[in-house]
$ cat start14.tsv   # TSV, C-alpha atoms and all ligand atoms
chain	number	residue	atom	x	y	z
S	687	MET	CA	28.74	-8.61	-16.24
S	688	TYR	CA	27.55	-10.80	-13.37
S	689	ASN	CA	26.35	-8.93	-10.30
S	690	TYR	CA	27.71	-10.18	-6.96
S	691	THR	CA	25.81	-7.65	-4.84
S	692	SER	CA	23.83	-8.98	-1.90
S	693	TYR	CA	20.79	-6.79	-1.30
S	694	ASN	CA	19.04	-5.43	1.74
S	695	ILE	CA	15.34	-5.62	0.93
S	696	TYR	CA	13.17	-2.87	2.47
S	697	LYS	CA	9.39	-3.06	2.58
S	698	ALA	CA	8.42	0.63	2.62
S	699	VAL	CA	4.69	0.40	3.02
S	700	PHE	CA	1.70	2.61	3.79
S	701	SER	CA	-0.99	0.14	4.84
S	702	PRO	CA	-3.74	1.25	7.25
S	703	THR	CA	-5.51	-2.12	7.38
S	704	TYR	CA	-2.46	-4.31	6.64
S	705	GLY	CA	-3.60	-5.82	3.31
S	706	THR	CA	-0.87	-4.11	1.28
S	707	ALA	CA	1.70	-4.89	3.99
S	708	HIS	CA	0.78	-8.57	3.79
S	709	ALA	CA	1.23	-8.64	0.00
S	710	ALA	CA	4.59	-6.82	0.36
S	711	THR	CA	5.76	-9.44	2.87
S	712	LEU	CA	4.91	-12.26	0.46
S	713	LEU	CA	6.78	-10.47	-2.31
S	714	ALA	CA	9.85	-9.81	-0.11
S	715	GLU	CA	9.99	-13.49	0.86
S	716	GLN	CA	9.80	-14.59	-2.78
S	717	LEU	CA	12.50	-12.07	-3.78
S	718	ASP	CA	14.69	-13.47	-1.00
S	719	LEU	CA	14.44	-16.88	-2.69
S	720	ASN	CA	15.54	-15.46	-6.05
S	721	ILE	CA	17.97	-12.63	-5.35
S	722	PRO	CA	21.06	-12.64	-3.08
S	723	CYS	CA	19.72	-11.00	0.07
S	724	GLU	CA	21.35	-9.89	3.34
S	725	LYS	CA	18.18	-9.03	5.23
S	726	ILE	CA	14.54	-8.02	4.88
S	727	LYS	CA	13.54	-4.91	6.80
S	728	LYS	CA	10.12	-3.36	7.36
S	729	LEU	CA	9.68	0.40	7.03
S	730	ASP	CA	6.10	1.08	8.04
S	731	LEU	CA	5.13	4.52	6.73
S	732	THR	CA	1.55	4.40	7.95
S	733	THR	CA	1.65	6.91	10.81
S	734	PRO	CA	2.99	10.49	10.76
S	735	GLN	CA	5.48	9.51	13.50
S	736	ALA	CA	6.81	6.67	11.32
S	737	ARG	CA	7.16	9.04	8.38
S	738	ALA	CA	9.20	11.55	10.42
S	739	GLY	CA	12.51	9.65	10.22
S	740	ARG	CA	14.57	10.06	7.05
S	741	HIS	CA	16.05	7.03	5.28
S	742	PHE	CA	18.78	6.99	2.67
S	743	PHE	CA	19.35	4.03	0.36
S	744	SER	CA	22.27	2.87	-1.80
S	745	SER	CA	22.52	0.72	-4.90
S	746	ASN	CA	22.96	-2.31	-2.58
S	747	ASP	CA	19.42	-1.85	-1.37
S	748	LEU	CA	16.17	-2.93	-2.96
S	749	VAL	CA	13.02	-1.10	-1.94
S	750	ILE	CA	9.48	-2.42	-2.29
S	751	ALA	CA	7.23	0.68	-2.24
S	752	GLY	CA	3.68	-0.32	-1.35
S	753	VAL	CA	0.38	1.55	-1.08
S	754	PRO	CA	-3.31	0.69	-1.24
S	755	VAL	CA	-5.36	2.11	-4.10
S	756	TYR	CA	-7.85	4.81	-3.08
S	757	GLY	CA	-10.21	6.02	-5.82
S	758	GLY	CA	-7.78	4.62	-8.41
S	759	GLN	CA	-4.89	6.63	-6.97
S	760	VAL	CA	-2.17	6.69	-4.33
S	761	PRO	CA	-3.84	7.64	-1.00
S	762	PRO	CA	-3.98	11.44	-0.57
S	763	VAL	CA	-1.42	11.62	2.24
S	764	GLU	CA	0.75	14.68	2.02
S	765	GLY	CA	4.45	13.95	1.74
S	766	LEU	CA	4.04	10.16	1.53
S	767	PHE	CA	7.52	8.73	0.64
S	768	ASP	CA	9.17	12.18	1.00
S	769	ASN	CA	11.31	10.77	3.83
S	770	LEU	CA	12.91	8.14	1.58
S	771	ARG	CA	15.87	9.02	-0.61
S	772	GLY	CA	17.29	6.60	-3.15
S	773	ASN	CA	20.62	6.79	-4.94
S	774	GLN	CA	20.14	4.76	-8.11
S	775	THR	CA	18.37	2.30	-5.81
S	776	PRO	CA	16.23	-0.33	-7.54
S	777	CYS	CA	12.59	-0.14	-6.51
S	778	ILE	CA	9.66	-2.50	-7.05
S	779	LEU	CA	6.24	-0.86	-6.91
S	780	LEU	CA	3.35	-2.68	-5.30
S	781	VAL	CA	-0.28	-1.64	-5.01
S	782	GLY	CA	-2.98	-3.48	-3.08
S	783	TYR	CA	-6.54	-2.97	-4.30
S	784	GLY	CA	-9.95	-4.33	-3.43
S	785	ASN	CA	-10.83	-6.03	-6.72
S	786	ARG	CA	-12.27	-2.96	-8.50
S	787	HIS	CA	-9.17	-1.51	-10.28
S	788	TYR	CA	-5.83	0.17	-9.63
S	789	ASP	CA	-6.34	2.77	-12.42
S	790	ASP	CA	-3.58	5.43	-12.12
S	791	ALA	CA	-2.04	4.25	-8.84
S	792	LEU	CA	0.99	2.39	-10.25
S	793	ALA	CA	1.89	5.19	-12.68
S	794	GLN	CA	1.50	7.75	-9.90
S	795	LEU	CA	3.61	5.71	-7.47
S	796	LYS	CA	6.33	5.37	-10.12
S	797	GLN	CA	6.41	9.15	-10.54
S	798	ILE	CA	6.73	9.64	-6.76
S	799	MET	CA	9.52	7.07	-6.28
S	800	THR	CA	11.46	8.25	-9.35
S	801	ARG	CA	11.38	11.78	-7.95
S	802	GLN	CA	12.81	10.38	-4.71
S	803	GLY	CA	15.87	8.95	-6.52
S	804	PHE	CA	14.80	5.35	-7.17
S	805	ILE	CA	14.89	3.34	-10.42
S	806	CYS	CA	11.45	1.74	-10.67
S	807	ILE	CA	12.32	-1.53	-12.36
S	808	ALA	CA	9.07	-3.48	-11.95
S	809	ALA	CA	5.55	-3.25	-10.57
S	810	ILE	CA	2.80	-5.51	-9.31
S	811	ALA	CA	-0.89	-4.92	-8.60
S	812	CYS	CA	-2.20	-7.37	-5.98
S	813	ILE	CA	-5.80	-7.96	-4.98
S	814	THR	CA	-6.27	-7.47	-1.23
S	815	PRO	CA	-9.37	-7.41	1.02
S	816	HIS	CA	-11.53	-4.36	0.28
S	817	THR	CA	-11.81	-2.06	3.27
S	818	PHE	CA	-15.51	-1.44	2.57
S	819	SER	CA	-16.61	-5.02	1.89
S	820	GLU	CA	-16.28	-8.46	3.47
S	821	GLU	CA	-16.73	-10.02	0.04
S	822	LEU	CA	-14.45	-8.17	-2.35
S	823	GLY	CA	-10.86	-9.37	-2.17
S	824	ALA	CA	-11.69	-11.71	0.74
S	825	GLY	CA	-8.90	-14.23	1.36
S	826	ARG	CA	-6.54	-12.51	-1.08
S	827	PRO	CA	-3.65	-12.97	-1.63
S	828	ASN	CA	-4.61	-16.65	-2.02
S	829	VAL	CA	-2.57	-19.65	-3.16
S	830	GLU	CA	-2.93	-18.67	-6.82
S	831	ASP	CA	-1.78	-15.14	-6.00
S	832	LEU	CA	1.24	-16.54	-4.18
S	833	ARG	CA	2.09	-18.52	-7.31
S	834	ALA	CA	1.86	-15.31	-9.39
S	835	ILE	CA	4.03	-13.42	-6.89
S	836	ALA	CA	6.60	-16.25	-7.00
S	837	THR	CA	6.62	-16.17	-10.83
S	838	PHE	CA	7.08	-12.38	-10.75
S	839	ALA	CA	10.00	-12.64	-8.30
S	840	ASN	CA	11.60	-15.33	-10.43
S	841	ALA	CA	11.17	-13.23	-13.59
S	842	LEU	CA	13.12	-10.43	-11.86
S	843	LYS	CA	16.14	-12.66	-11.21
S	844	PRO	CA	17.91	-12.03	-14.58
S	845	LYS	CA	17.74	-8.26	-14.02
S	846	PHE	CA	19.63	-8.63	-10.75
S	847	GLU	CA	22.11	-11.15	-12.18
S	848	SER	CA	23.02	-8.91	-15.10
S	849	TYR	CA	22.72	-5.68	-13.08
S	850	LYS	CA	20.60	-4.25	-15.91
S	851	PHE	CA	18.03	-1.96	-14.35
S	852	GLU	CA	15.68	-0.18	-16.70
S	853	GLU	CA	12.59	1.84	-15.93
S	854	VAL	CA	9.37	-0.11	-16.19
S	855	GLU	CA	6.58	1.18	-18.45
S	856	LEU	CA	3.25	1.38	-16.65
S	857	PRO	CA	-0.37	2.05	-17.62
S	858	GLY	CA	-2.20	5.05	-16.20
S	859	ASN	CA	-1.79	8.77	-15.67
S	860	PRO	CA	1.18	9.59	-13.39
S	861	THR	CA	-0.32	12.95	-12.41
S	862	PRO	CA	-4.10	12.49	-12.10
S	863	ALA	CA	-6.21	15.34	-10.73
S	864	PRO	CA	-6.43	14.84	-6.95
S	865	LYS	CA	-9.71	13.35	-5.69
S	866	PRO	CA	-10.82	14.78	-2.35
S	867	ALA	CA	-11.92	12.10	0.17
S	868	LYS	CA	-15.72	11.56	0.20
S	869	GLU	CA	-17.64	12.37	3.36
S	870	ILE	CA	-18.50	9.00	4.86
S	871	PRO	CA	-20.52	9.20	8.09
S	872	LYS	CA	-18.64	7.78	11.08
S	873	GLU	CA	-19.75	6.97	14.57
S	874	LEU	CA	-18.03	6.65	17.93
S	875	ASN	CA	-19.88	4.59	20.53
S	876	LYS	CA	-18.91	6.45	23.71
S	877	GLU	CA	-20.16	3.62	25.92
S	878	LEU	CA	-17.75	1.16	24.31
S	879	CYS	CA	-14.81	3.58	24.00
S	880	ASN	CA	-12.44	3.33	26.97
S	881	SER	CA	-10.20	6.18	25.79
S	882	CYS	CA	-7.21	3.93	25.17
S	883	ASN	CA	-6.23	6.40	22.41
S	884	LEU	CA	-4.96	3.66	20.11
S	885	CYS	CA	-6.98	5.22	17.29
S	886	VAL	CA	-5.45	8.64	18.00
S	887	ALA	CA	-1.89	7.25	17.90
S	888	SER	CA	-2.52	5.07	14.85
S	889	CYS	CA	-4.38	7.49	12.56
S	890	PRO	CA	-2.28	7.89	9.38
S	891	VAL	CA	-3.17	11.57	9.04
S	892	GLY	CA	-3.53	12.72	12.65
S	893	ALA	CA	-7.26	13.32	12.19
S	894	ILE	CA	-8.46	12.17	15.65
S	895	ASP	CA	-8.56	14.56	18.61
S	896	GLY	CA	-6.73	13.15	21.65
S	897	LYS	CA	-9.32	14.48	24.14
S	898	THR	CA	-12.70	14.28	22.42
S	899	HIS	CA	-11.77	11.42	20.02
S	900	GLU	CA	-13.73	13.26	17.33
S	901	ILE	CA	-12.57	12.83	13.73
S	902	ASP	CA	-11.61	15.95	11.80
S	903	GLN	CA	-13.42	15.31	8.50
S	904	SER	CA	-11.20	17.77	6.65
S	905	LYS	CA	-8.18	15.54	7.38
S	906	CYS	CA	-9.77	12.04	7.35
S	907	ILE	CA	-8.94	9.87	4.30
S	908	ASN	CA	-11.56	7.16	5.15
S	909	CYS	CA	-8.92	4.45	5.53
S	910	MET	CA	-10.97	2.89	8.38
S	911	ARG	CA	-7.83	2.07	10.37
S	912	CYS	CA	-9.45	3.47	13.54
S	913	ALA	CA	-12.40	1.08	13.21
S	914	TYR	CA	-10.13	-1.81	12.23
S	915	ILE	CA	-7.75	-1.54	15.18
S	916	CYS	CA	-10.17	-0.47	17.95
S	917	PRO	CA	-10.00	-3.20	20.65
S	918	SER	CA	-13.49	-2.25	21.93
S	919	LYS	CA	-15.13	-2.07	18.48
S	920	ALA	CA	-16.29	1.44	19.36
S	921	ARG	CA	-15.94	2.92	15.89
S	922	SER	CA	-18.03	2.35	12.79
S	923	PHE	CA	-18.15	3.75	9.27
S	924	HIS	CA	-21.43	3.85	7.40
S	925	VAL	CA	-20.38	2.34	4.09
S	926	GLU	CA	-23.49	0.30	3.22
S	927	GLN	CA	-24.13	2.26	0.00
S	928	ALA	CA	-20.53	1.96	-1.19
S	929	LYS	CA	-20.48	-1.73	-0.22
S	930	ALA	CA	-23.66	-2.50	-2.17
S	931	TRP	CA	-22.43	-0.64	-5.27
S	932	LEU	CA	-19.02	-2.31	-5.18
S	933	GLU	CA	-20.34	-5.82	-4.65
S	934	GLU	CA	-22.87	-5.41	-7.44
S	935	ASN	CA	-20.34	-4.11	-9.96
S	936	PHE	CA	-16.98	-5.70	-9.11
S	937	SER	CA	-17.57	-9.17	-7.68
S	938	GLU	CA	-15.81	-11.06	-10.53
S	939	PRO	CA	-12.37	-11.95	-9.06
S	940	ARG	CA	-9.51	-10.13	-10.78
S	941	GLN	CA	-6.01	-11.56	-11.15
S	942	ILE	CA	-2.63	-10.17	-10.17
S	943	GLU	CA	-0.98	-8.11	-12.90
S	944	TRP	CA	2.72	-7.42	-13.06
S	945	PHE	CA	5.02	-5.35	-15.24
S	946	LEU	CA	8.75	-5.73	-15.99
I	1001	LIG	C1	-10.98	5.41	0.61
I	1001	LIG	C2	-10.77	4.11	-0.11
I	1001	LIG	C3	-10.83	4.07	-1.50
I	1001	LIG	C4	-10.63	2.86	-2.19
I	1001	LIG	N1	-10.63	2.85	-3.55
I	1001	LIG	C5	-10.42	1.69	-4.22
I	1001	LIG	C6	-10.36	1.66	-5.65
I	1001	LIG	O1	-10.42	2.69	-6.32
I	1001	LIG	N2	-10.21	0.46	-6.26
I	1001	LIG	C7	-10.13	-0.71	-5.56
I	1001	LIG	O2	-10.06	-1.76	-6.18
I	1001	LIG	N3	-10.11	-0.71	-4.19
I	1001	LIG	C8	-10.23	0.46	-3.52
I	1001	LIG	N4	-10.20	0.48	-2.14
I	1001	LIG	C9	-9.88	-0.75	-1.42
I	1001	LIG	C10	-8.42	-0.77	-0.99
I	1001	LIG	O3	-7.55	-0.52	-2.05
I	1001	LIG	C11	-8.08	-2.14	-0.36
I	1001	LIG	O4	-9.01	-2.43	0.63
I	1001	LIG	C12	-6.69	-2.20	0.22
I	1001	LIG	O5	-6.43	-3.55	0.52
I	1001	LIG	C13	-6.54	-1.43	1.51
I	1001	LIG	O6	-5.17	-1.51	1.84
I	1001	LIG	P1	-4.62	-1.74	3.30
I	1001	LIG	O7	-5.29	-3.01	3.85
I	1001	LIG	O8	-3.18	-1.93	3.09
I	1001	LIG	O9	-4.96	-0.55	4.11
I	1001	LIG	C14	-10.39	1.66	-1.45
I	1001	LIG	C15	-10.36	1.71	-0.04
I	1001	LIG	C16	-10.53	2.92	0.61
I	1001	LIG	C17	-10.44	2.93	2.12

$ encode --input "start14.tsv" --output "structure tokens"
Amino acid sequence: MYNYTSYNIYKAVFSPTYGTAHAATLLAEQLDLNIPCEKIKKLDLTTPQARAGRHFFSSNDLVIAGVPVYGGQVPPVEGLFDNLRGNQTPCILLVGYGNRHYDDALAQLKQIMTRQGFICIAAIACITPHTFSEELGAGRPNVEDLRAIATFANALKPKFESYKFEEVELPGNPTPAPKPAKEIPKELNKELCNSCNLCVASCPVGAIDGKTHEIDQSKCINCMRCAYICPSKARSFHVEQAKAWLEENFSEPRQIEWFL
């Protein structure tokens, strides 16, 4: 049976420093070239405010669910994707990782999205700039990555033409033991900070106090979004040790992997 459905493509992405969001945009554009598509819509799930609205999807929708890999897992953000509800909605899983490995993240993300009513039909692990290093994942996705993303999107075409959606098999443990965020020392330069509160409003887990601008370490997930977005460069994370270890052990560039 040929499928005449035209899809709305949603990029449902948690992406504190925009690397995963960038990869999801490239994928959505390539899907648009291969699959009948009405529109591409962004659903940024990065802040608690953005995750407050509920969204329901039908079988005419296609959702790209994207997260960065943290410690080989989906970031430890309570209720991430709980506000999305699929109804036999096809879903493509995407993880962005900084050239070490994605470990259990794809399997875990599949488990989450399946629970939310989606059929996870395919998955892709893209290399993106590492939050803790200027070297690892720098310039990724690059031209070669774009070619791999285009090949992946093209390989999905027959599934949409025949309307045959089957669950993708993925490596990794879908329910790994949670890893608590490490304590990474952080600094706020009070002379540079002009209390614009952008960091407070943008923190994915509401960890920054609106008056003192102190970070609540028990909530912080070390995503570094506050340092990344600060217009005055008032925030810094002390990641030298992590950076040195990563660059020593994982500098060989990895390639995109995808699963159908
Ligand atoms: C707390 C934390 C843990 C991370 N753990 C991993 C990891 O296990 N493997 C890896 O390859 N990259 C790891 N990274 C790098 C991120 O996956 C990568 O920088 C990603 O692009 C960040 O996504 P974003 O730009 O969408 O926020 C980690 C980054 C952070 C902040």

$ closest_atom_pairs --input "start14.tsv" --of "stretch 720-831 of chain S" --to "stretch 905-926 of chain S" --cutoff "10 Å" --atoms "only C-alpha atoms" --output "CSV"
residue,atom,partner,partner_atom,distance
S:Thr732,CA,S:Arg911,CA,10.0
S:Pro754,CA,S:Cys909,CA,9.6
S:Tyr756,CA,S:Cys909,CA,8.7
S:Pro761,CA,S:Ile907,CA,7.7
S:Pro762,CA,S:Ile907,CA,7.1
S:Val763,CA,S:Ile907,CA,8.0
S:Thr817,CA,S:Met910,CA,7.2
S:Phe818,CA,S:Val925,CA,6.3
S:Ser819,CA,S:Val925,CA,8.6

$ atom_distance --input "start14.tsv" --atom1 "atom CA of S:Thr733" --atom2 "atom CA of S:Ser701"
9.4 Å

$ atom_distance --input "start14.tsv" --atom1 "atom CA of S:Gln794" --atom2 "atom CA of S:Ala710"
18.1 Å

$ atom_distance --input "start14.tsv" --atom1 "atom C8 of ligand LIG 1001 (chain I)" --atom2 "atom CA of S:Ile805"
26.2 Å

$ residues_near_ligand --input "start14.tsv" --ligand "ligand LIG 1001 (chain I)" --cutoff "7 Å" --atoms "all atoms listed in the file" --output "PyMOL selection string"
chain S and resi 700-707+753-759+782-788+814-818+867+907-910

$ closest_residue --input "start14.tsv" --among "S:Leu792, S:Ala736, S:Ala811, S:Cys723" --to "S:Asn769" --atoms "all atoms listed in the file"
S:Ala736

$ residues_around --input "start14.tsv" --residues "stretch 845-853 of chain S" --least-positions-apart "3" --cutoff "9 Å" --atoms "only C-alpha atoms" --output "list of chain:residue names"
S:Met687, S:Tyr688, S:Asn689, S:Tyr690, S:Thr691, S:Ile721, S:Pro722, S:Pro776, S:Ile805, S:Cys806, S:Ile807, S:Ala808, S:Ala841, S:Leu842, S:Leu946

$ closest_residue --input "start14.tsv" --among "S:Cys889, S:Phe945, S:Gly752, S:Leu856" --to "S:Ala834" --atoms "all atoms listed in the file"
S:Phe945

$ residues_around --input "start14.tsv" --residues "S:Asp831" --least-positions-apart "6" --cutoff "10 Å" --atoms "only C-alpha atoms" --output "list of chain:residue names"
S:Ala709, S:Leu712, S:Cys812, S:Ile813, S:Thr837, S:Gln941, S:Ile942, S:Glu943

$ residues_around --input "start14.tsv" --residues "S:Gly772" --least-positions-apart "4" --cutoff "6 Å" --atoms "only C-alpha atoms" --output "short mmCIF file (atom, residue, chain, number, x, y, z; two decimals) with C-alpha atoms, in the frame of the given file"
data_model
loop_
_atom_site.label_atom_id
_atom_site.label_comp_id
_atom_site.auth_asym_id
_atom_site.auth_seq_id
_atom_site.Cartn_x
_atom_site.Cartn_y
_atom_site.Cartn_z
CA PHE S 743 19.35 4.03 0.36
CA GLY S 803 15.87 8.95 -6.52
CA PHE S 804 14.80 5.35 -7.17
#

$ closest_residue --input "start14.tsv" --among "S:Val829, S:Val891, S:Ile901, S:Ile870" --to "S:Gln927" --atoms "all atoms listed in the file"
S:Ile870

$ closest_residue --input "start14.tsv" --among "S:Leu878, S:Met799, S:Ile726, S:Leu780" --to "S:Asn694" --atoms "only C-alpha atoms"
S:Ile726

$ closest_residue --input "start14.tsv" --among "S:Val781, S:Leu731, S:Ala751, S:Leu795" --to "S:Pro890" --atoms "only C-alpha atoms"
S:Leu731

$ axis_aligned_box --input "start14.tsv" --around "stretch 693-698 of chain S" --padding-each-side "8 Å" --output "AutoDock Vina command-line options"
--center_x 14.6 --center_y -3.1 --center_z 0.7 --size_x 28.4 --size_y 23.4 --size_z 19.9

$ closest_residue --input "start14.tsv" --among "S:Lys796, S:His708, S:Lys929, S:Arg737" --to "S:Glu821" --atoms "all atoms listed in the file"
S:Lys929

$ residues_near_point --input "start14.tsv" --point "(13.3, -5.4, -5.9)" --cutoff "6 Å" --atoms "all atoms listed in the file" --output "PyMOL selection string"
chain S and resi 748-749+777-778

$ build_atoms --input "start14.tsv" --residues "stretch 705-737 of chain S" --atoms "N, CA and C atoms" --output "compact mmCIF listing (two decimals), in the coordinates of the input"
# COMPACT_ATOMS: atom_id res chain seq x y z
N GLY S 705 -3.50 -4.97 4.51
CA GLY S 705 -3.60 -5.82 3.31
C GLY S 705 -2.39 -5.65 2.40
N THR S 706 -2.02 -4.40 2.15
CA THR S 706 -0.87 -4.11 1.28
C THR S 706 0.41 -4.62 1.93
N ALA S 707 0.51 -4.44 3.25
CA ALA S 707 1.70 -4.89 3.99
C ALA S 707 1.85 -6.40 3.85
N HIS S 708 0.74 -7.11 3.91
CA HIS S 708 0.78 -8.57 3.79
C HIS S 708 1.29 -8.97 2.41
N ALA S 709 0.78 -8.33 1.36
CA ALA S 709 1.23 -8.64 0.00
C ALA S 709 2.72 -8.32 -0.15
N ALA S 710 3.16 -7.22 0.45
CA ALA S 710 4.59 -6.82 0.36
C ALA S 710 5.47 -7.85 1.05
N THR S 711 4.98 -8.42 2.15
CA THR S 711 5.76 -9.44 2.87
C THR S 711 5.91 -10.69 2.00
N LEU S 712 4.83 -11.09 1.35
CA LEU S 712 4.91 -12.26 0.46
C LEU S 712 5.90 -12.01 -0.67
N LEU S 713 5.86 -10.79 -1.22
CA LEU S 713 6.78 -10.47 -2.31
C LEU S 713 8.23 -10.48 -1.81
N ALA S 714 8.48 -9.87 -0.65
CA ALA S 714 9.85 -9.81 -0.11
C ALA S 714 10.39 -11.23 0.10
N GLU S 715 9.55 -12.11 0.61
CA GLU S 715 9.99 -13.49 0.86
C GLU S 715 10.33 -14.21 -0.45
N GLN S 716 9.53 -13.96 -1.48
CA GLN S 716 9.80 -14.59 -2.78
C GLN S 716 11.05 -13.99 -3.43
N LEU S 717 11.28 -12.69 -3.24
CA LEU S 717 12.50 -12.07 -3.78
C LEU S 717 13.72 -12.66 -3.10
N ASP S 718 13.60 -12.88 -1.79
CA ASP S 718 14.69 -13.47 -1.00
C ASP S 718 15.09 -14.84 -1.56
N LEU S 719 14.13 -15.55 -2.13
CA LEU S 719 14.44 -16.88 -2.69
C LEU S 719 15.10 -16.79 -4.07
N ASN S 720 15.05 -15.61 -4.68
CA ASN S 720 15.54 -15.46 -6.05
C ASN S 720 16.75 -14.55 -6.21
N ILE S 721 16.95 -13.66 -5.23
CA ILE S 721 17.97 -12.63 -5.35
C ILE S 721 18.87 -12.73 -4.12
N PRO S 722 20.21 -12.62 -4.28
CA PRO S 722 21.06 -12.64 -3.08
C PRO S 722 20.63 -11.55 -2.10
N CYS S 723 20.34 -11.95 -0.88
CA CYS S 723 19.72 -11.00 0.07
C CYS S 723 20.38 -11.10 1.44
N GLU S 724 20.76 -9.95 2.00
CA GLU S 724 21.35 -9.89 3.34
C GLU S 724 20.27 -9.97 4.40
N LYS S 725 19.25 -9.09 4.23
CA LYS S 725 18.18 -9.03 5.23
C LYS S 725 16.92 -8.42 4.61
N ILE S 726 15.80 -8.67 5.28
CA ILE S 726 14.54 -8.02 4.88
C ILE S 726 14.14 -7.12 6.03
N LYS S 727 13.89 -5.84 5.73
CA LYS S 727 13.54 -4.91 6.80
C LYS S 727 12.21 -4.22 6.48
N LYS S 728 11.42 -4.02 7.54
CA LYS S 728 10.12 -3.36 7.36
C LYS S 728 10.26 -1.87 7.66
N LEU S 729 9.73 -1.04 6.77
CA LEU S 729 9.68 0.40 7.03
C LEU S 729 8.22 0.80 6.93
N ASP S 730 7.53 0.76 8.04
CA ASP S 730 6.10 1.08 8.04
C ASP S 730 5.91 2.59 7.99
N LEU S 731 5.29 3.07 6.92
CA LEU S 731 5.13 4.52 6.73
C LEU S 731 3.68 4.95 7.03
N THR S 732 2.98 4.14 7.81
CA THR S 732 1.55 4.40 7.95
C THR S 732 1.21 5.57 8.85
N THR S 733 1.99 5.79 9.91
CA THR S 733 1.65 6.91 10.81
C THR S 733 2.57 8.11 10.56
N PRO S 734 2.12 9.31 10.95
CA PRO S 734 2.99 10.49 10.76
C PRO S 734 4.31 10.34 11.53
N GLN S 735 4.26 9.70 12.72
CA GLN S 735 5.48 9.51 13.50
C GLN S 735 6.46 8.65 12.70
N ALA S 736 5.94 7.58 12.07
CA ALA S 736 6.81 6.67 11.32
C ALA S 736 7.39 7.35 10.08
N ARG S 737 6.68 8.36 9.58
CA ARG S 737 7.16 9.04 8.38
C ARG S 737 8.11 10.19 8.71
